[in-house]
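What's in input_39.cif: mmCIF, C-alpha atoms
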data_data
loop_
_atom_site.group_PDB
_atom_site.id
_atom_site.type_symbol
_atom_site.label_atom_id
_atom_site.label_comp_id
_atom_site.auth_asym_id
_atom_site.auth_seq_id
_atom_site.Cartn_x
_atom_site.Cartn_y
_atom_site.Cartn_z
ATOM 1 C CA MET A 1 235.200 77.884 111.174
ATOM 2 C CA ASN A 2 236.806 75.008 113.060
ATOM 3 C CA PRO A 3 240.599 75.468 112.609
ATOM 4 C CA HIS A 4 241.078 71.692 112.419
ATOM 5 C CA LEU A 5 238.811 71.359 109.394
ATOM 6 C CA ARG A 6 240.140 71.662 105.879
ATOM 7 C CA PRO A 7 237.811 72.971 103.111
ATOM 8 C CA SER A 8 237.602 69.448 101.666
ATOM 9 C CA ASP A 9 236.282 68.183 105.014
ATOM 10 C CA LEU A 10 233.290 70.525 105.027
ATOM 11 C CA PRO A 11 229.849 69.212 103.989
ATOM 12 C CA LEU A 12 228.624 70.127 100.521
ATOM 13 C CA SER A 13 225.105 70.783 101.788
ATOM 14 C CA THR A 14 223.557 72.095 104.976
ATOM 15 C CA GLN A 15 220.093 72.342 106.487
ATOM 16 C CA ALA A 16 219.107 75.699 107.927
ATOM 17 C CA ALA A 17 217.902 75.882 111.536
ATOM 18 C CA GLU A 18 214.123 75.949 111.837
ATOM 19 C CA GLY A 19 212.761 79.463 111.523
ATOM 20 C CA MET A 20 216.065 81.001 110.404
ATOM 21 C CA PRO A 21 215.980 83.058 107.203
ATOM 22 C CA ARG A 22 217.885 81.760 104.205
ATOM 23 C CA ARG A 23 219.507 83.736 101.436
ATOM 24 C CA CYS A 24 217.761 83.124 98.098
ATOM 25 C CA TRP A 25 219.940 82.983 94.992
ATOM 26 C CA THR A 26 219.000 83.994 91.481
ATOM 27 C CA VAL A 27 219.822 82.094 88.317
ATOM 28 C CA ALA A 28 222.003 85.018 87.198
ATOM 29 C CA GLU A 29 223.991 84.936 90.452
ATOM 30 C CA ILE A 30 224.565 81.186 90.218
ATOM 31 C CA GLU A 31 225.670 81.476 86.590
ATOM 32 C CA GLU A 32 228.111 84.241 87.523
ATOM 33 C CA MET A 33 229.576 82.141 90.360
ATOM 34 C CA VAL A 34 230.122 79.310 87.902
ATOM 35 C CA ARG A 35 231.701 81.711 85.405
ATOM 36 C CA VAL A 36 234.274 83.044 87.885
ATOM 37 C CA GLY A 37 235.012 79.610 89.355
ATOM 38 C CA ILE A 38 233.362 79.922 92.784
ATOM 39 C CA ILE A 39 231.176 76.949 91.838
ATOM 40 C CA ASP A 40 232.689 74.142 89.773
ATOM 41 C CA GLU A 41 230.977 73.969 86.384
ATOM 42 C CA ASP A 42 230.749 70.182 86.761
ATOM 43 C CA GLU A 43 228.960 70.356 90.121
ATOM 44 C CA ARG A 44 225.473 68.899 89.795
ATOM 45 C CA PHE A 45 222.608 70.807 91.391
ATOM 46 C CA GLU A 46 219.345 72.541 90.603
ATOM 47 C CA LEU A 47 217.991 75.883 91.821
ATOM 48 C CA ILE A 48 214.481 75.625 93.239
ATOM 49 C CA GLY A 49 212.887 78.855 94.393
ATOM 50 C CA GLY A 50 216.312 80.349 95.098
ATOM 51 C CA GLU A 51 217.601 77.311 97.037
ATOM 52 C CA VAL A 52 220.441 75.151 95.743
ATOM 53 C CA VAL A 53 219.391 71.477 95.673
ATOM 54 C CA PRO A 54 222.306 69.021 95.205
ATOM 55 C CA MET A 55 221.663 66.181 92.762
ATOM 56 C CA SER A 56 222.562 62.573 93.499
ATOM 57 C CA PRO A 57 225.500 60.942 91.672
ATOM 58 C CA LYS A 58 224.454 58.931 88.620
ATOM 59 C CA GLY A 59 224.907 55.166 88.611
ATOM 60 C CA ALA A 60 226.189 53.092 85.697
ATOM 61 C CA ARG A 61 222.709 51.800 84.783
ATOM 62 C CA HIS A 62 221.340 55.354 84.780
ATOM 63 C CA GLU A 63 224.068 56.413 82.338
ATOM 64 C CA TRP A 64 223.596 53.357 80.105
ATOM 65 C CA ILE A 65 219.849 53.948 79.793
ATOM 66 C CA LYS A 66 220.423 57.617 79.051
ATOM 67 C CA ILE A 67 222.965 56.737 76.338
ATOM 68 C CA GLU A 68 220.574 54.254 74.706
ATOM 69 C CA LEU A 69 217.697 56.731 74.790
ATOM 70 C CA ASN A 70 219.863 59.496 73.352
ATOM 71 C CA ARG A 71 221.033 57.241 70.499
ATOM 72 C CA PHE A 72 217.415 56.334 69.724
ATOM 73 C CA PHE A 73 216.011 59.881 69.932
ATOM 74 C CA GLN A 74 218.738 61.387 67.759
ATOM 75 C CA ARG A 75 218.125 58.687 65.135
ATOM 76 C CA VAL A 76 214.336 59.079 64.893
ATOM 77 C CA ALA A 77 213.892 62.792 65.628
ATOM 78 C CA PRO A 78 212.287 64.743 62.774
ATOM 79 C CA ILE A 79 214.017 67.848 61.462
ATOM 80 C CA HIS A 80 211.654 70.240 63.281
ATOM 81 C CA LEU A 81 212.464 68.912 66.769
ATOM 82 C CA SER A 82 215.505 69.317 69.021
ATOM 83 C CA ILE A 83 216.297 66.813 71.769
ATOM 84 C CA ALA A 84 218.741 68.340 74.230
ATOM 85 C CA PRO A 85 220.345 66.023 76.810
ATOM 86 C CA GLU A 86 221.054 67.548 80.235
ATOM 87 C CA THR A 87 220.176 71.087 79.235
ATOM 88 C CA THR A 88 219.539 73.789 81.835
ATOM 89 C CA LEU A 89 215.861 74.718 81.775
ATOM 90 C CA ARG A 90 215.470 78.205 83.263
ATOM 91 C CA LEU A 91 211.930 78.487 84.626
ATOM 92 C CA ASP A 92 212.122 81.896 86.276
ATOM 93 C CA ALA A 93 214.662 84.229 87.891
ATOM 94 C CA ARG A 94 215.137 81.886 90.880
ATOM 95 C CA THR A 95 214.525 78.425 89.442
ATOM 96 C CA PHE A 96 216.269 76.149 86.991
ATOM 97 C CA VAL A 97 216.190 72.377 86.578
ATOM 98 C CA GLU A 98 218.262 70.003 84.461
ATOM 99 C CA PRO A 99 216.124 67.281 82.889
ATOM 100 C CA ASP A 100 217.973 64.366 81.311
ATOM 101 C CA PHE A 101 216.202 65.205 78.037
ATOM 102 C CA CYS A 102 214.301 68.273 76.924
ATOM 103 C CA VAL A 103 212.322 68.262 73.667
ATOM 104 C CA PHE A 104 211.343 71.499 71.933
ATOM 105 C CA ARG A 105 210.882 72.972 68.477
ATOM 106 C CA ARG A 106 214.132 73.379 66.595
ATOM 107 C CA ASP A 107 213.226 76.895 65.414
ATOM 108 C CA LEU A 108 212.823 78.103 69.010
ATOM 109 C CA ASP A 109 215.203 80.808 70.235
ATOM 110 C CA LEU A 110 216.836 79.154 73.279
ATOM 111 C CA LYS A 111 216.351 82.389 75.223
ATOM 112 C CA ALA A 112 212.630 81.675 74.943
ATOM 113 C CA LEU A 113 212.897 78.102 76.247
ATOM 114 C CA ASP A 114 210.572 78.018 79.246
ATOM 115 C CA GLY A 115 208.023 75.621 80.672
ATOM 116 C CA PRO A 116 205.257 75.980 78.051
ATOM 117 C CA ALA A 117 207.811 75.754 75.212
ATOM 118 C CA VAL A 118 208.895 72.290 76.358
ATOM 119 C CA LEU A 119 207.115 69.548 74.425
ATOM 120 C CA LEU A 120 208.483 66.789 76.650
ATOM 121 C CA ALA A 121 210.852 66.636 79.623
ATOM 122 C CA ILE A 122 212.374 63.296 80.619
ATOM 123 C CA GLU A 123 213.973 62.360 83.929
ATOM 124 C CA VAL A 124 215.969 59.122 84.202
ATOM 125 C CA ALA A 125 215.782 58.237 87.880
ATOM 126 C CA ASP A 126 217.403 55.773 90.261
ATOM 127 C CA SER A 127 218.139 57.159 93.736
ATOM 128 C CA SER A 128 216.286 60.383 92.795
ATOM 129 C CA LEU A 129 213.026 58.581 91.909
ATOM 130 C CA LYS A 130 211.048 59.841 94.917
ATOM 131 C CA TYR A 131 212.160 63.447 94.328
ATOM 132 C CA ASP A 132 211.581 63.286 90.572
ATOM 133 C CA LYS A 133 208.052 61.853 91.009
ATOM 134 C CA GLY A 134 207.235 64.192 93.873
ATOM 135 C CA ARG A 135 208.526 67.701 94.345
ATOM 136 C CA LYS A 136 210.060 67.970 90.894
ATOM 137 C CA ILE A 137 206.854 66.940 89.123
ATOM 138 C CA GLY A 138 205.103 69.706 91.044
ATOM 139 C CA ILE A 139 207.690 72.195 89.796
ATOM 140 C CA TYR A 140 207.267 71.103 86.192
ATOM 141 C CA ALA A 141 203.479 71.407 86.493
ATOM 142 C CA ALA A 142 203.654 74.812 88.183
ATOM 143 C CA TYR A 143 205.739 76.186 85.315
ATOM 144 C CA GLY A 144 203.564 74.774 82.546
ATOM 145 C CA VAL A 145 205.613 71.861 81.207
ATOM 146 C CA ARG A 146 202.941 69.927 79.363
ATOM 147 C CA GLU A 147 204.360 66.411 79.552
ATOM 148 C CA VAL A 148 206.981 64.814 81.784
ATOM 149 C CA TRP A 149 208.299 61.256 81.793
ATOM 150 C CA VAL A 150 210.098 59.786 84.786
ATOM 151 C CA ILE A 151 211.932 56.579 83.877
ATOM 152 C CA ASP A 152 212.469 54.180 86.769
ATOM 153 C CA VAL A 153 215.808 52.565 85.889
ATOM 154 C CA ILE A 154 215.314 49.618 88.261
ATOM 155 C CA ARG A 155 211.809 48.586 87.221
ATOM 156 C CA ALA A 156 212.302 49.787 83.603
ATOM 157 C CA THR A 157 208.970 51.595 83.599
ATOM 158 C CA ILE A 158 207.985 55.041 82.373
ATOM 159 C CA TRP A 159 205.816 57.226 84.578
ATOM 160 C CA VAL A 160 203.951 59.467 82.129
ATOM 161 C CA HIS A 161 202.557 62.779 83.428
ATOM 162 C CA ARG A 162 200.466 64.845 81.014
ATOM 163 C CA ARG A 163 197.327 66.987 80.558
ATOM 164 C CA LEU A 164 197.904 69.882 82.918
ATOM 165 C CA GLY A 165 195.005 70.855 85.138
ATOM 166 C CA ALA A 166 194.375 73.177 88.044
ATOM 167 C CA SER A 167 195.990 70.775 90.526
ATOM 168 C CA GLY A 168 198.801 69.365 88.390
ATOM 169 C CA TYR A 169 198.813 66.554 85.842
ATOM 170 C CA ALA A 170 195.389 65.039 85.255
ATOM 171 C CA GLU A 171 196.779 61.946 83.525
ATOM 172 C CA ILE A 172 199.440 59.843 85.265
ATOM 173 C CA ALA A 173 200.258 56.327 84.091
ATOM 174 C CA GLU A 174 203.059 53.821 84.641
ATOM 175 C CA LEU A 175 204.015 52.000 81.436
ATOM 176 C CA PRO A 176 206.004 48.735 81.516
ATOM 177 C CA SER A 177 209.061 48.318 79.301
ATOM 178 C CA SER A 178 207.028 46.281 76.796
ATOM 179 C CA GLU A 179 204.499 49.087 76.190
ATOM 180 C CA LEU A 180 204.968 51.825 73.602
ATOM 181 C CA ALA A 181 205.207 55.297 75.153
ATOM 182 C CA THR A 182 204.121 58.044 72.758
ATOM 183 C CA PRO A 183 204.703 61.720 73.571
ATOM 184 C CA MET A 184 201.525 63.737 73.191
ATOM 185 C CA LEU A 185 203.231 66.670 71.397
ATOM 186 C CA ALA A 186 206.084 64.776 69.736
ATOM 187 C CA PRO A 187 204.624 61.425 68.597
ATOM 188 C CA GLU A 188 207.617 60.817 66.317
ATOM 189 C CA LEU A 189 209.648 59.996 69.451
ATOM 190 C CA ALA A 190 207.469 57.055 70.530
ATOM 191 C CA VAL A 191 209.682 54.506 72.266
ATOM 192 C CA ARG A 192 209.404 51.036 73.757
ATOM 193 C CA LEU A 193 212.122 50.441 76.351
ATOM 194 C CA SER A 194 212.257 46.713 75.665
ATOM 195 C CA ASP A 195 213.150 47.454 72.019
ATOM 196 C CA LEU A 196 216.288 49.183 73.334
ATOM 197 C CA GLY A 197 217.218 46.160 75.455
ATOM 198 C CA ILE A 198 216.062 47.882 78.652
ATOM 199 C CA ALA A 199 214.380 45.477 81.077
ATOM 200 C CA PRO A 200 213.816 45.351 84.860
ATOM 201 C CA THR A 201 216.888 44.458 86.877
ATOM 202 C CA SER A 202 217.353 41.793 89.533
ATOM 203 C CA ASP A 203 217.623 44.668 92.050
ATOM 204 C CA GLU A 204 213.894 45.406 91.672
ATOM 205 C CA ALA A 205 212.261 45.473 95.080
#
Reformat the file's structure so that it appears as structure tokens.
Amino acid sequence: MNPHLRPSDLPLSTQAAEGMPRRCWTVAEIEEMVRVGIIDEDERFELIGGEVVPMSPKGARHEWIKIELNRFFQRVAPIHLSIAPETTLRLDARTFVEPDFCVFRRDLDLKALDGPAVLLAIEVADSSLKYDKGRKIGIYAAYGVREVWVIDVIRATIWVHRRLGASGYAEIAELPSSELATPMLAPELAVRLSDLGIAPTSDEA
């Protein structure tokens, strides 16, 4: 280590040299490091195939949309459904993700919460939009999550991914804020973004 560098000066992420082996972590190891304080419990990252993937900081609009959605979902949710904001979804021994919302049956033992048990996963995306619509959608599909929404906070649209097939989601549609989005397995949570005051911003490209 460079003696002139303090720990706070070091980068939070690195990129391994091409062809060099990398040490894969397990979910259990990461959870233990958080428990003993090696990793700050507030640090935001996901574990994908044993690799730690840092998550981008959330902007004010991202947080506002998430708050409005949470208020709506908790108000309309039927008694048999749970809507968990920012829960850790453990997909296997080396992979976990943290969707902004995860919908599942209320009577489900949380130890059994895996991909197929998820009725709907929702990602609220600004700077992470490309990742959420790309690699992360592939992860959700590979682990059997049956429906995923990616909400573009700038354009105020919902990218709906559903109907799993051999090569991923067979149905992908972008819904504008004025259109009602209805979850396939939880229709009680149908939402229209414009009804929540969510519209495209002036920052839309």
What gap, in Å, lies between CA of Lys66 (chain A) and CA of Ala186 (chain A)?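 Going from CA of Lys66 (chain A) over to CA of Ala186 (chain A) covers 18.5 Å.
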Take CA of Leu89 (chain A) and CA of Ser127 (chain A) and report the distance between them in Å, one decimal.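 Going from CA of Leu89 (chain A) over to CA of Ser127 (chain A), I get 21.4 Å.
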Do a neighbour search on region 77-81 of chain A at 12 Å with only C-alpha atoms, toss out local chain neighbours closer than 5 positions, and write the hits as a PyMOL selection string. chain A and resi 69-72+102-108+117-120+185-191
Apply the PyMOL selection byres ((chain A and resi 44) around 8) to the file shown and report the selected residues as a ChimeraX atom specification. /A:42-43,45-46,54-56
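For the set A:Asp100, A:Glu123, A:Glu86, A:Asp114, the residue with the smallest atom-to-atom gap to Ile151 (chain A) is A:Glu123, counting all atoms listed in the file.
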Considering all atoms listed in the file, return as a ChimeraX atom specification whatever protein or nucleic-acid residues lie within 12 Å of Ile67 (chain A), sequence-local ones (same chain, fewer than 6 positions apart) excluded. /A:60-61,73-74,85-86,100-101,124,196,198
Hey, can you spit out that residue selection with C-alpha atoms as a PDB file, in the frame of the given file?
ATOM      1  CA  ALA A  60     226.189  53.092  85.697  1.00  0.00           C
ATOM      2  CA  ARG A  61     222.709  51.800  84.783  1.00  0.00           C
ATOM      3  CA  PHE A  73     216.011  59.881  69.932  1.00  0.00           C
ATOM      4  CA  GLN A  74     218.738  61.387  67.759  1.00  0.00           C
ATOM      5  CA  PRO A  85     220.345  66.023  76.810  1.00  0.00           C
ATOM      6  CA  GLU A  86     221.054  67.548  80.235  1.00  0.00           C
ATOM      7  CA  ASP A 100     217.973  64.366  81.311  1.00  0.00           C
ATOM      8  CA  PHE A 101     216.202  65.205  78.037  1.00  0.00           C
ATOM      9  CA  VAL A 124     215.969  59.122  84.202  1.00  0.00           C
ATOM     10  CA  LEU A 196     216.288  49.183  73.334  1.00  0.00           C
ATOM     11  CA  ILE A 198     216.062  47.882  78.652  1.00  0.00           C
TER      12      ILE A 198
END
For Arg155 (chain A), work out the shell of residues within 12 Å, counting only C-alpha atoms and skipping chain neighbours fewer than 3 positions away, then give it as a PyMOL selection string. chain A and resi 61-62+124-126+129+150-152+158-159+174-178+193-194+198-205
Taking into account all atoms listed in the file, which residue in the set A:Arg35, A:Lys136, A:Arg192, A:Arg23 is nearest to Thr157 (chain A)? A:Arg192
Considering all atoms listed in the file, return as a PyMOL selection string whatever protein or nucleic-acid residues lie within 10 Å of Ala166 (chain A), sequence-local ones (same chain, fewer than 3 positions apart) excluded. chain A and resi 141-142+169-170
Expressed in Å to a single decimal, how great is the separation between CA of Thr88 (chain A) and CA of Glu147 (chain A)? 17.0 Å
Please determine, counting only C-alpha atoms, which residue among A:Glu68, A:Asp132, A:Glu63, A:Asp40 has the shortest atom-to-atom distance to Glu98 (chain A).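 Between A:Glu68, A:Asp132, A:Glu63, A:Asp40, the residue approaching Glu98 (chain A) most closely is A:Asp132.
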The PyMOL selection byres ((chain A and resi 50) around 6) resolved against shown file, as a ChimeraX atom specification: /A:24-26,47-49,51,94
Go ahead and fit an axis-aligned box to every listed atom of region 93-96 of chain A plus 8 Å each side, and pass me the centre and edge lengths in Å, one decimal, as JSON.
{"center_x": 215.4, "center_y": 80.2, "center_z": 88.9, "size_x": 17.7, "size_y": 24.1, "size_z": 19.9}
Nearest to Phe96 (chain A), restricted to only C-alpha atoms and choosing among A:Lys133, A:Val27, A:Tyr140, A:Leu164, comes out as A:Val27
Between A:Ala112, A:Met184, A:Val34, A:Val76, which one has atoms that come closest to Arg90 (chain A), using only C-alpha atoms? A:Ala112
Nearest to Gly144 (chain A) by atom-to-atom distance, counting only C-alpha atoms, from A:Leu91, A:Glu171, A:Val97, A:Tyr131: A:Leu91
For the file shown, what are the residues hit by the PyMOL selection byres ((chain A and resi 172) around 6), laid out as a list in words?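 Here the PyMOL selection byres ((chain A and resi 172) around 6) matches Val160, His161, Glu171 and Ala173 of chain A.
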Mind writing the picked residues with C-alpha atoms as a compact mmCIF listing (two decimals), in the frame of the given file?
# COMPACT_ATOMS: atom_id res chain seq x y z
CA VAL A 160 203.95 59.47 82.13
CA HIS A 161 202.56 62.78 83.43
CA GLU A 171 196.78 61.95 83.52
CA ALA A 173 200.26 56.33 84.09
If you keep all heavy atoms, can you output region 35-48 of chain A as a PDB file, in the first residue's frame?
ATOM      1  N   ARG A  35     -22.017  -8.013   9.757  1.00  0.00           N
ATOM      2  CA  ARG A  35     -22.324  -8.223  11.178  1.00  0.00           C
ATOM      3  C   ARG A  35     -21.183  -7.770  12.082  1.00  0.00           C
ATOM      4  O   ARG A  35     -21.413  -7.153  13.132  1.00  0.00           O
ATOM      5  CB  ARG A  35     -22.632  -9.704  11.445  1.00  0.00           C
ATOM      6  CG  ARG A  35     -23.157  -9.985  12.855  1.00  0.00           C
ATOM      7  CD  ARG A  35     -23.252 -11.469  13.132  1.00  0.00           C
ATOM      8  NE  ARG A  35     -21.940 -12.080  13.247  1.00  0.00           N
ATOM      9  CZ  ARG A  35     -21.194 -12.028  14.356  1.00  0.00           C
ATOM     10  NH1 ARG A  35     -21.621 -11.378  15.417  1.00  0.00           N
ATOM     11  NH2 ARG A  35     -20.011 -12.614  14.391  1.00  0.00           N
ATOM     12  N   VAL A  36     -19.937  -8.062  11.672  1.00  0.00           N
ATOM     13  CA  VAL A  36     -18.794  -7.722  12.531  1.00  0.00           C
ATOM     14  C   VAL A  36     -18.239  -6.333  12.237  1.00  0.00           C
ATOM     15  O   VAL A  36     -17.281  -5.902  12.870  1.00  0.00           O
ATOM     16  CB  VAL A  36     -17.671  -8.778  12.406  1.00  0.00           C
ATOM     17  CG1 VAL A  36     -18.187 -10.152  12.785  1.00  0.00           C
ATOM     18  CG2 VAL A  36     -17.074  -8.804  10.999  1.00  0.00           C
ATOM     19  N   GLY A  37     -18.824  -5.628  11.262  1.00  0.00           N
ATOM     20  CA  GLY A  37     -18.431  -4.249  11.016  1.00  0.00           C
ATOM     21  C   GLY A  37     -17.352  -4.043   9.974  1.00  0.00           C
ATOM     22  O   GLY A  37     -16.876  -2.919   9.782  1.00  0.00           O
ATOM     23  N   ILE A  38     -16.926  -5.099   9.278  1.00  0.00           N
ATOM     24  CA  ILE A  38     -15.934  -4.941   8.211  1.00  0.00           C
ATOM     25  C   ILE A  38     -16.534  -4.152   7.055  1.00  0.00           C
ATOM     26  O   ILE A  38     -15.880  -3.309   6.435  1.00  0.00           O
ATOM     27  CB  ILE A  38     -15.428  -6.322   7.728  1.00  0.00           C
ATOM     28  CG1 ILE A  38     -14.689  -7.039   8.874  1.00  0.00           C
ATOM     29  CG2 ILE A  38     -14.521  -6.181   6.505  1.00  0.00           C
ATOM     30  CD1 ILE A  38     -14.311  -8.465   8.540  1.00  0.00           C
ATOM     31  N   ILE A  39     -17.801  -4.418   6.763  1.00  0.00           N
ATOM     32  CA  ILE A  39     -18.557  -3.661   5.762  1.00  0.00           C
ATOM     33  C   ILE A  39     -19.632  -2.885   6.490  1.00  0.00           C
ATOM     34  O   ILE A  39     -20.358  -3.438   7.333  1.00  0.00           O
ATOM     35  CB  ILE A  39     -19.189  -4.601   4.714  1.00  0.00           C
ATOM     36  CG1 ILE A  39     -18.117  -5.353   3.931  1.00  0.00           C
ATOM     37  CG2 ILE A  39     -20.079  -3.814   3.756  1.00  0.00           C
ATOM     38  CD1 ILE A  39     -18.671  -6.379   2.953  1.00  0.00           C
ATOM     39  N   ASP A  40     -19.755  -1.593   6.182  1.00  0.00           N
ATOM     40  CA  ASP A  40     -20.774  -0.755   6.798  1.00  0.00           C
ATOM     41  C   ASP A  40     -22.152  -1.247   6.379  1.00  0.00           C
ATOM     42  O   ASP A  40     -22.397  -1.498   5.195  1.00  0.00           O
ATOM     43  CB  ASP A  40     -20.584   0.694   6.356  1.00  0.00           C
ATOM     44  CG  ASP A  40     -21.421   1.677   7.174  1.00  0.00           C
ATOM     45  OD1 ASP A  40     -22.633   1.426   7.328  1.00  0.00           O
ATOM     46  OD2 ASP A  40     -20.860   2.671   7.664  1.00  0.00           O
ATOM     47  N   GLU A  41     -23.056  -1.387   7.339  1.00  0.00           N
ATOM     48  CA  GLU A  41     -24.389  -1.908   7.020  1.00  0.00           C
ATOM     49  C   GLU A  41     -25.184  -0.975   6.118  1.00  0.00           C
ATOM     50  O   GLU A  41     -26.167  -1.385   5.493  1.00  0.00           O
ATOM     51  CB  GLU A  41     -25.172  -2.181   8.298  1.00  0.00           C
ATOM     52  CG  GLU A  41     -25.458  -0.975   9.142  1.00  0.00           C
ATOM     53  CD  GLU A  41     -26.236  -1.309  10.396  1.00  0.00           C
ATOM     54  OE1 GLU A  41     -26.405  -2.506  10.690  1.00  0.00           O
ATOM     55  OE2 GLU A  41     -26.673  -0.377  11.090  1.00  0.00           O
ATOM     56  N   ASP A  42     -24.756   0.293   6.011  1.00  0.00           N
ATOM     57  CA  ASP A  42     -25.441   1.234   5.134  1.00  0.00           C
ATOM     58  C   ASP A  42     -24.830   1.298   3.735  1.00  0.00           C
ATOM     59  O   ASP A  42     -25.329   2.018   2.870  1.00  0.00           O
ATOM     60  CB  ASP A  42     -25.425   2.640   5.747  1.00  0.00           C
ATOM     61  CG  ASP A  42     -26.253   2.718   7.024  1.00  0.00           C
ATOM     62  OD1 ASP A  42     -27.270   2.002   7.102  1.00  0.00           O
ATOM     63  OD2 ASP A  42     -25.878   3.472   7.929  1.00  0.00           O
ATOM     64  N   GLU A  43     -23.735   0.566   3.521  1.00  0.00           N
ATOM     65  CA  GLU A  43     -23.102   0.578   2.198  1.00  0.00           C
ATOM     66  C   GLU A  43     -23.997  -0.128   1.196  1.00  0.00           C
ATOM     67  O   GLU A  43     -24.507  -1.216   1.455  1.00  0.00           O
ATOM     68  CB  GLU A  43     -21.736  -0.108   2.258  1.00  0.00           C
ATOM     69  CG  GLU A  43     -20.934   0.039   0.982  1.00  0.00           C
ATOM     70  CD  GLU A  43     -19.505  -0.470   1.127  1.00  0.00           C
ATOM     71  OE1 GLU A  43     -19.028  -0.609   2.256  1.00  0.00           O
ATOM     72  OE2 GLU A  43     -18.880  -0.734   0.080  1.00  0.00           O
ATOM     73  N   ARG A  44     -24.189   0.484   0.032  1.00  0.00           N
ATOM     74  CA  ARG A  44     -25.130  -0.022  -0.950  1.00  0.00           C
ATOM     75  C   ARG A  44     -24.406  -0.796  -2.051  1.00  0.00           C
ATOM     76  O   ARG A  44     -23.592  -0.239  -2.778  1.00  0.00           O
ATOM     77  CB  ARG A  44     -25.948   1.116  -1.564  1.00  0.00           C
ATOM     78  CG  ARG A  44     -26.770   1.888  -0.555  1.00  0.00           C
ATOM     79  CD  ARG A  44     -27.660   2.920  -1.226  1.00  0.00           C
ATOM     80  NE  ARG A  44     -28.645   2.296  -2.095  1.00  0.00           N
ATOM     81  CZ  ARG A  44     -28.645   2.389  -3.412  1.00  0.00           C
ATOM     82  NH1 ARG A  44     -27.696   3.075  -4.038  1.00  0.00           N
ATOM     83  NH2 ARG A  44     -29.572   1.790  -4.132  1.00  0.00           N
ATOM     84  N   PHE A  45     -24.701  -2.082  -2.130  1.00  0.00           N
ATOM     85  CA  PHE A  45     -24.113  -2.920  -3.178  1.00  0.00           C
ATOM     86  C   PHE A  45     -24.967  -4.160  -3.328  1.00  0.00           C
ATOM     87  O   PHE A  45     -25.827  -4.462  -2.493  1.00  0.00           O
ATOM     88  CB  PHE A  45     -22.667  -3.294  -2.837  1.00  0.00           C
ATOM     89  CG  PHE A  45     -22.528  -4.107  -1.572  1.00  0.00           C
ATOM     90  CD1 PHE A  45     -22.602  -5.492  -1.592  1.00  0.00           C
ATOM     91  CD2 PHE A  45     -22.333  -3.484  -0.350  1.00  0.00           C
ATOM     92  CE1 PHE A  45     -22.487  -6.235  -0.434  1.00  0.00           C
ATOM     93  CE2 PHE A  45     -22.218  -4.212   0.823  1.00  0.00           C
ATOM     94  CZ  PHE A  45     -22.294  -5.594   0.783  1.00  0.00           C
ATOM     95  N   GLU A  46     -24.735  -4.880  -4.431  1.00  0.00           N
ATOM     96  CA  GLU A  46     -25.368  -6.168  -4.643  1.00  0.00           C
ATOM     97  C   GLU A  46     -24.270  -7.203  -4.877  1.00  0.00           C
ATOM     98  O   GLU A  46     -23.123  -6.846  -5.183  1.00  0.00           O
ATOM     99  CB  GLU A  46     -26.327  -6.108  -5.840  1.00  0.00           C
ATOM    100  CG  GLU A  46     -27.490  -5.151  -5.588  1.00  0.00           C
ATOM    101  CD  GLU A  46     -28.449  -5.004  -6.753  1.00  0.00           C
ATOM    102  OE1 GLU A  46     -27.987  -5.028  -7.908  1.00  0.00           O
ATOM    103  OE2 GLU A  46     -29.643  -4.854  -6.493  1.00  0.00           O
ATOM    104  N   LEU A  47     -24.602  -8.468  -4.713  1.00  0.00           N
ATOM    105  CA  LEU A  47     -23.647  -9.550  -4.934  1.00  0.00           C
ATOM    106  C   LEU A  47     -24.137 -10.348  -6.130  1.00  0.00           C
ATOM    107  O   LEU A  47     -25.204 -10.963  -6.082  1.00  0.00           O
ATOM    108  CB  LEU A  47     -23.541 -10.438  -3.690  1.00  0.00           C
ATOM    109  CG  LEU A  47     -22.436 -11.491  -3.719  1.00  0.00           C
ATOM    110  CD1 LEU A  47     -21.059 -10.820  -3.630  1.00  0.00           C
ATOM    111  CD2 LEU A  47     -22.597 -12.491  -2.571  1.00  0.00           C
ATOM    112  N   ILE A  48     -23.367 -10.301  -7.212  1.00  0.00           N
ATOM    113  CA  ILE A  48     -23.757 -10.965  -8.454  1.00  0.00           C
ATOM    114  C   ILE A  48     -22.730 -12.039  -8.791  1.00  0.00           C
ATOM    115  O   ILE A  48     -21.587 -11.744  -9.136  1.00  0.00           O
ATOM    116  CB  ILE A  48     -23.851  -9.965  -9.621  1.00  0.00           C
ATOM    117  CG1 ILE A  48     -24.736  -8.764  -9.239  1.00  0.00           C
ATOM    118  CG2 ILE A  48     -24.361 -10.661 -10.871  1.00  0.00           C
ATOM    119  CD1 ILE A  48     -26.161  -9.106  -8.922  1.00  0.00           C
TER     120      ILE A  48
END
